[in-house]
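Everything on this sheet refers to the single structure shown next.
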Amino acid sequence: DKKQLKRDCVKNGQFATPHLNDKLYLHYKGYSKIQNLEEYTGVKALFLEGNGFTKIEGLEAQKECKSLYLQENVLDKIAGLDSMVGLDTLNLSKN
């Protein structure tokens with residue numbers, strides 16, 4: 001949920017105010033769904049590896065994101081990246 005995302009940011013030395021974060025470290029947290037990232041509009045690097053994602057979703061607000069790390073999940077299809085127009089690094093290995 002949104003409160004857990006903010007707690008994770010603070011725990012990782014990031015900002016509690018979502019739009020101020022340019023990096024988001026959500027790797028190896030055991031999440032099963034990508035969601036509640038709408039307020040994180042300034043993220044340039046998004047680390048989501050090692051969770052349990054089966055689908056790429058919830059990234060519509062990540063228009064400034066340049067690097068997306070989704071390795072070590074259980075993805076079987078590349079989709080849901082249309083809004084990420086600035087993306088130049090994508091890691092999908094070990095899915």
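Labeling convention for the structure tokens: chains A, B, ... as they appear, residues from 1 per chain, ligands from 1 in order of appearance.
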- Message: Just want the 9 Å neighbourhood of segment 10-20 of chain A, counted on only C-alpha atoms, with same-chain residues fewer than 4 positions away dropped. Output as a ChimeraX atom specification.
- Response: /A:5-6,24-25,37-43
Got time to write the residues from that selection, all heavy atoms, as a PDB file, in the first residue's frame?
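So the final result, stored in again-v4.pdb, reads:
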```pdb
ATOM      1  N   LEU A   5       5.003   1.888   0.920  1.00  0.00           N
ATOM      2  CA  LEU A   5       5.958   2.464  -0.030  1.00  0.00           C
ATOM      3  C   LEU A   5       6.720   3.631   0.588  1.00  0.00           C
ATOM      4  O   LEU A   5       7.940   3.732   0.454  1.00  0.00           O
ATOM      5  CB  LEU A   5       5.242   2.935  -1.294  1.00  0.00           C
ATOM      6  CG  LEU A   5       4.792   1.858  -2.268  1.00  0.00           C
ATOM      7  CD1 LEU A   5       3.962   2.467  -3.384  1.00  0.00           C
ATOM      8  CD2 LEU A   5       5.970   1.112  -2.825  1.00  0.00           C
ATOM      9  N   LYS A   6       6.017   4.496   1.296  1.00  0.00           N
ATOM     10  CA  LYS A   6       6.671   5.632   1.952  1.00  0.00           C
ATOM     11  C   LYS A   6       7.632   5.157   3.034  1.00  0.00           C
ATOM     12  O   LYS A   6       8.736   5.684   3.172  1.00  0.00           O
ATOM     13  CB  LYS A   6       5.625   6.591   2.531  1.00  0.00           C
ATOM     14  CG  LYS A   6       4.898   7.380   1.458  1.00  0.00           C
ATOM     15  CD  LYS A   6       3.894   8.335   2.042  1.00  0.00           C
ATOM     16  CE  LYS A   6       3.144   9.028   0.918  1.00  0.00           C
ATOM     17  NZ  LYS A   6       2.192  10.021   1.416  1.00  0.00           N
ATOM     18  N   LEU A  24      13.858   4.585  -6.872  1.00  0.00           N
ATOM     19  CA  LEU A  24      12.923   3.872  -6.026  1.00  0.00           C
ATOM     20  C   LEU A  24      13.402   2.433  -5.885  1.00  0.00           C
ATOM     21  O   LEU A  24      13.467   1.692  -6.864  1.00  0.00           O
ATOM     22  CB  LEU A  24      11.530   3.936  -6.654  1.00  0.00           C
ATOM     23  CG  LEU A  24      10.321   3.714  -5.762  1.00  0.00           C
ATOM     24  CD1 LEU A  24      10.347   4.598  -4.523  1.00  0.00           C
ATOM     25  CD2 LEU A  24       9.048   3.948  -6.534  1.00  0.00           C
ATOM     26  N   TYR A  25      13.784   2.069  -4.662  1.00  0.00           N
ATOM     27  CA  TYR A  25      14.319   0.740  -4.377  1.00  0.00           C
ATOM     28  C   TYR A  25      13.231  -0.139  -3.779  1.00  0.00           C
ATOM     29  O   TYR A  25      12.939  -0.055  -2.590  1.00  0.00           O
ATOM     30  CB  TYR A  25      15.490   0.841  -3.405  1.00  0.00           C
ATOM     31  CG  TYR A  25      16.645   1.654  -3.916  1.00  0.00           C
ATOM     32  CD1 TYR A  25      16.871   2.944  -3.456  1.00  0.00           C
ATOM     33  CD2 TYR A  25      17.513   1.131  -4.863  1.00  0.00           C
ATOM     34  CE1 TYR A  25      17.936   3.694  -3.928  1.00  0.00           C
ATOM     35  CE2 TYR A  25      18.577   1.878  -5.345  1.00  0.00           C
ATOM     36  CZ  TYR A  25      18.784   3.151  -4.869  1.00  0.00           C
ATOM     37  OH  TYR A  25      19.841   3.883  -5.342  1.00  0.00           O
ATOM     38  N   LEU A  37       2.135   3.562  -7.514  1.00  0.00           N
ATOM     39  CA  LEU A  37       3.291   4.385  -7.886  1.00  0.00           C
ATOM     40  C   LEU A  37       2.889   5.700  -8.550  1.00  0.00           C
ATOM     41  O   LEU A  37       3.750   6.432  -9.031  1.00  0.00           O
ATOM     42  CB  LEU A  37       4.214   3.595  -8.822  1.00  0.00           C
ATOM     43  CG  LEU A  37       4.813   2.314  -8.248  1.00  0.00           C
ATOM     44  CD1 LEU A  37       5.652   1.601  -9.300  1.00  0.00           C
ATOM     45  CD2 LEU A  37       5.637   2.611  -7.016  1.00  0.00           C
ATOM     46  N   GLU A  38       1.617   6.023  -8.553  1.00  0.00           N
ATOM     47  CA  GLU A  38       1.114   7.206  -9.251  1.00  0.00           C
ATOM     48  C   GLU A  38       1.763   8.504  -8.780  1.00  0.00           C
ATOM     49  O   GLU A  38       1.969   9.422  -9.566  1.00  0.00           O
ATOM     50  CB  GLU A  38      -0.413   7.335  -9.077  1.00  0.00           C
ATOM     51  CG  GLU A  38      -1.209   6.189  -9.630  1.00  0.00           C
ATOM     52  CD  GLU A  38      -1.324   5.022  -8.661  1.00  0.00           C
ATOM     53  OE1 GLU A  38      -1.015   5.168  -7.456  1.00  0.00           O
ATOM     54  OE2 GLU A  38      -1.707   3.935  -9.111  1.00  0.00           O
ATOM     55  N   GLU A  39       2.088   8.617  -7.497  1.00  0.00           N
ATOM     56  CA  GLU A  39       2.656   9.841  -6.935  1.00  0.00           C
ATOM     57  C   GLU A  39       4.166   9.952  -7.155  1.00  0.00           C
ATOM     58  O   GLU A  39       4.747  11.018  -6.947  1.00  0.00           O
ATOM     59  CB  GLU A  39       2.365   9.908  -5.441  1.00  0.00           C
ATOM     60  CG  GLU A  39       0.880   9.984  -5.111  1.00  0.00           C
ATOM     61  CD  GLU A  39       0.627   9.981  -3.613  1.00  0.00           C
ATOM     62  OE1 GLU A  39       1.339  10.721  -2.899  1.00  0.00           O
ATOM     63  OE2 GLU A  39      -0.259   9.245  -3.171  1.00  0.00           O
ATOM     64  N   TYR A  40       4.801   8.886  -7.593  1.00  0.00           N
ATOM     65  CA  TYR A  40       6.261   8.857  -7.765  1.00  0.00           C
ATOM     66  C   TYR A  40       6.620   9.262  -9.194  1.00  0.00           C
ATOM     67  O   TYR A  40       7.184   8.501  -9.958  1.00  0.00           O
ATOM     68  CB  TYR A  40       6.792   7.459  -7.427  1.00  0.00           C
ATOM     69  CG  TYR A  40       6.596   7.127  -5.963  1.00  0.00           C
ATOM     70  CD1 TYR A  40       5.396   6.610  -5.508  1.00  0.00           C
ATOM     71  CD2 TYR A  40       7.604   7.376  -5.051  1.00  0.00           C
ATOM     72  CE1 TYR A  40       5.211   6.332  -4.164  1.00  0.00           C
ATOM     73  CE2 TYR A  40       7.428   7.098  -3.701  1.00  0.00           C
ATOM     74  CZ  TYR A  40       6.225   6.578  -3.268  1.00  0.00           C
ATOM     75  OH  TYR A  40       6.046   6.310  -1.933  1.00  0.00           O
ATOM     76  N   THR A  41       6.319  10.501  -9.529  1.00  0.00           N
ATOM     77  CA  THR A  41       6.449  10.985 -10.908  1.00  0.00           C
ATOM     78  C   THR A  41       7.865  11.405 -11.292  1.00  0.00           C
ATOM     79  O   THR A  41       8.141  11.588 -12.466  1.00  0.00           O
ATOM     80  CB  THR A  41       5.503  12.169 -11.138  1.00  0.00           C
ATOM     81  OG1 THR A  41       5.778  13.168 -10.148  1.00  0.00           O
ATOM     82  CG2 THR A  41       4.044  11.729 -11.035  1.00  0.00           C
ATOM     83  N   GLY A  42       8.763  11.552 -10.332  1.00  0.00           N
ATOM     84  CA  GLY A  42      10.121  11.991 -10.628  1.00  0.00           C
ATOM     85  C   GLY A  42      11.143  10.862 -10.709  1.00  0.00           C
ATOM     86  O   GLY A  42      12.336  11.106 -10.837  1.00  0.00           O
ATOM     87  N   VAL A  43      10.681   9.636 -10.649  1.00  0.00           N
ATOM     88  CA  VAL A  43      11.589   8.486 -10.615  1.00  0.00           C
ATOM     89  C   VAL A  43      12.307   8.312 -11.955  1.00  0.00           C
ATOM     90  O   VAL A  43      11.688   8.278 -13.007  1.00  0.00           O
ATOM     91  CB  VAL A  43      10.816   7.190 -10.255  1.00  0.00           C
ATOM     92  CG1 VAL A  43      11.699   5.972 -10.387  1.00  0.00           C
ATOM     93  CG2 VAL A  43      10.252   7.294  -8.854  1.00  0.00           C
TER      94      VAL A  43
END
```
- Close residues, segment 58-67 of chain A itself excluded, 12 Å, only C-alpha atoms, min 4 positions apart in chain, as a PyMOL selection string: chain A and resi 18-19+21-25+33-48+53+79-92
- Task: From a DSSP pass on the backbone, collect the residues of chain A flagged as alpha helix (DSSP H) and hand them back as a PyMOL selection string.
- Result: chain A and resi 2-11
- Query: Looking at only C-alpha atoms, which of A:Ser32, A:Leu26, A:Thr54, A:Asp1 is the one that sits closest to Leu68 of chain A?
  - Reply: A:Leu26
- All residues 8 Å or closer to Asn73 of chain A, only C-alpha atoms, same chain fewer than 4 positions away omitted, as a list of chain:residue names: A:Glu49, A:Gly50, A:Asn51, A:Gly52, A:Phe53, A:Thr54, A:Lys94, A:Asn95
Could you turn the residues from that selection into a file that holds N, CA, C and O atoms, as a JSON list (two decimals), in the first residue's frame?
```
[["chain", "number", "residue", "atom", "x", "y", "z"],
["A", 49, "GLU", "N", 13.43, -5.74, -8.97],
["A", 49, "GLU", "CA", 13.87, -7.12, -9.15],
["A", 49, "GLU", "C", 13.63, -7.97, -7.91],
["A", 49, "GLU", "O", 13.51, -7.46, -6.80],
["A", 50, "GLY", "N", 13.53, -9.27, -8.15],
["A", 50, "GLY", "CA", 13.43, -10.23, -7.07],
["A", 50, "GLY", "C", 12.13, -10.20, -6.29],
["A", 50, "GLY", "O", 12.12, -10.52, -5.10],
["A", 51, "ASN", "N", 11.05, -9.85, -6.91],
["A", 51, "ASN", "CA", 9.73, -9.90, -6.27],
["A", 51, "ASN", "C", 8.97, -11.09, -6.85],
["A", 51, "ASN", "O", 9.59, -12.08, -7.21],
["A", 52, "GLY", "N", 7.67, -10.99, -6.96],
["A", 52, "GLY", "CA", 6.89, -12.07, -7.54],
["A", 52, "GLY", "C", 5.97, -11.59, -8.63],
["A", 52, "GLY", "O", 4.86, -12.07, -8.77],
["A", 53, "PHE", "N", 6.45, -10.63, -9.41],
["A", 53, "PHE", "CA", 5.58, -10.03, -10.44],
["A", 53, "PHE", "C", 5.36, -10.99, -11.60],
["A", 53, "PHE", "O", 6.31, -11.53, -12.17],
["A", 54, "THR", "N", 4.10, -11.17, -11.97],
["A", 54, "THR", "CA", 3.75, -11.99, -13.12],
["A", 54, "THR", "C", 3.35, -11.12, -14.31],
["A", 54, "THR", "O", 3.21, -11.62, -15.42],
["A", 94, "LYS", "N", 16.34, -13.51, -16.23],
["A", 94, "LYS", "CA", 15.92, -14.49, -15.22],
["A", 94, "LYS", "C", 14.44, -14.40, -14.87],
["A", 94, "LYS", "O", 14.06, -14.45, -13.72],
["A", 95, "ASN", "N", 13.61, -14.29, -15.89],
["A", 95, "ASN", "CA", 12.17, -14.34, -15.69],
["A", 95, "ASN", "C", 11.65, -15.63, -16.30],
["A", 95, "ASN", "O", 12.34, -16.36, -16.96]]
```
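Put simply, atom CA of Tyr28 of chain A is 9.3 Å away from atom CA of Glu72 of chain A.
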- Figure out the distance between atom CA of Glu57 of chain A and atom CA of Gly30 of chain A, please, to one decimal in Å.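 Straight-line distance from atom CA of Gly30 of chain A to atom CA of Glu57 of chain A works out to 16.1 Å.
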- Query: For the atom pair atom CA of Ile56 of chain A and atom CA of Ile78 of chain A, what is the interatomic distance in Å to one decimal place?
  - Reply: 7.2 Å
- Message: When DSSP is applied to the backbone of this structure, which of chain A are assigned strand (DSSP E)? Write them out as a PyMOL selection string.
- Response: chain A and resi 23-25+45-47+67-69+89-91
Store the residues picked out above, limited to N, CA and C atoms, as a compact mmCIF listing (two decimals), in the first residue's frame.
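Output contents, as saved in selection35.txt:
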```txt
# COMPACT_ATOMS: atom_id res chain seq x y z
N LYS A 23 15.08 7.83 -7.44
CA LYS A 23 15.32 6.39 -7.46
C LYS A 23 14.34 5.75 -6.50
N LEU A 24 13.86 4.59 -6.87
CA LEU A 24 12.92 3.87 -6.03
C LEU A 24 13.40 2.43 -5.89
N TYR A 25 13.78 2.07 -4.66
CA TYR A 25 14.32 0.74 -4.38
C TYR A 25 13.23 -0.14 -3.78
N ALA A 45 15.10 5.90 -11.96
CA ALA A 45 15.54 4.50 -11.88
C ALA A 45 14.64 3.76 -10.91
N LEU A 46 14.04 2.68 -11.39
CA LEU A 46 13.08 1.92 -10.61
C LEU A 46 13.57 0.48 -10.48
N PHE A 47 13.84 0.07 -9.25
CA PHE A 47 14.40 -1.24 -8.95
C PHE A 47 13.29 -2.14 -8.39
N SER A 67 15.58 3.93 -16.33
CA SER A 67 16.09 2.59 -16.05
C SER A 67 15.07 1.81 -15.24
N LEU A 68 14.73 0.63 -15.73
CA LEU A 68 13.76 -0.23 -15.08
C LEU A 68 14.36 -1.62 -14.91
N TYR A 69 14.40 -2.07 -13.67
CA TYR A 69 15.01 -3.35 -13.35
C TYR A 69 13.94 -4.32 -12.86
N THR A 89 17.05 1.75 -20.40
CA THR A 89 17.63 0.55 -19.82
C THR A 89 16.51 -0.30 -19.24
N LEU A 90 16.42 -1.55 -19.68
CA LEU A 90 15.41 -2.47 -19.21
C LEU A 90 16.06 -3.82 -18.97
N ASN A 91 15.99 -4.30 -17.74
CA ASN A 91 16.55 -5.61 -17.42
C ASN A 91 15.41 -6.56 -17.10
```
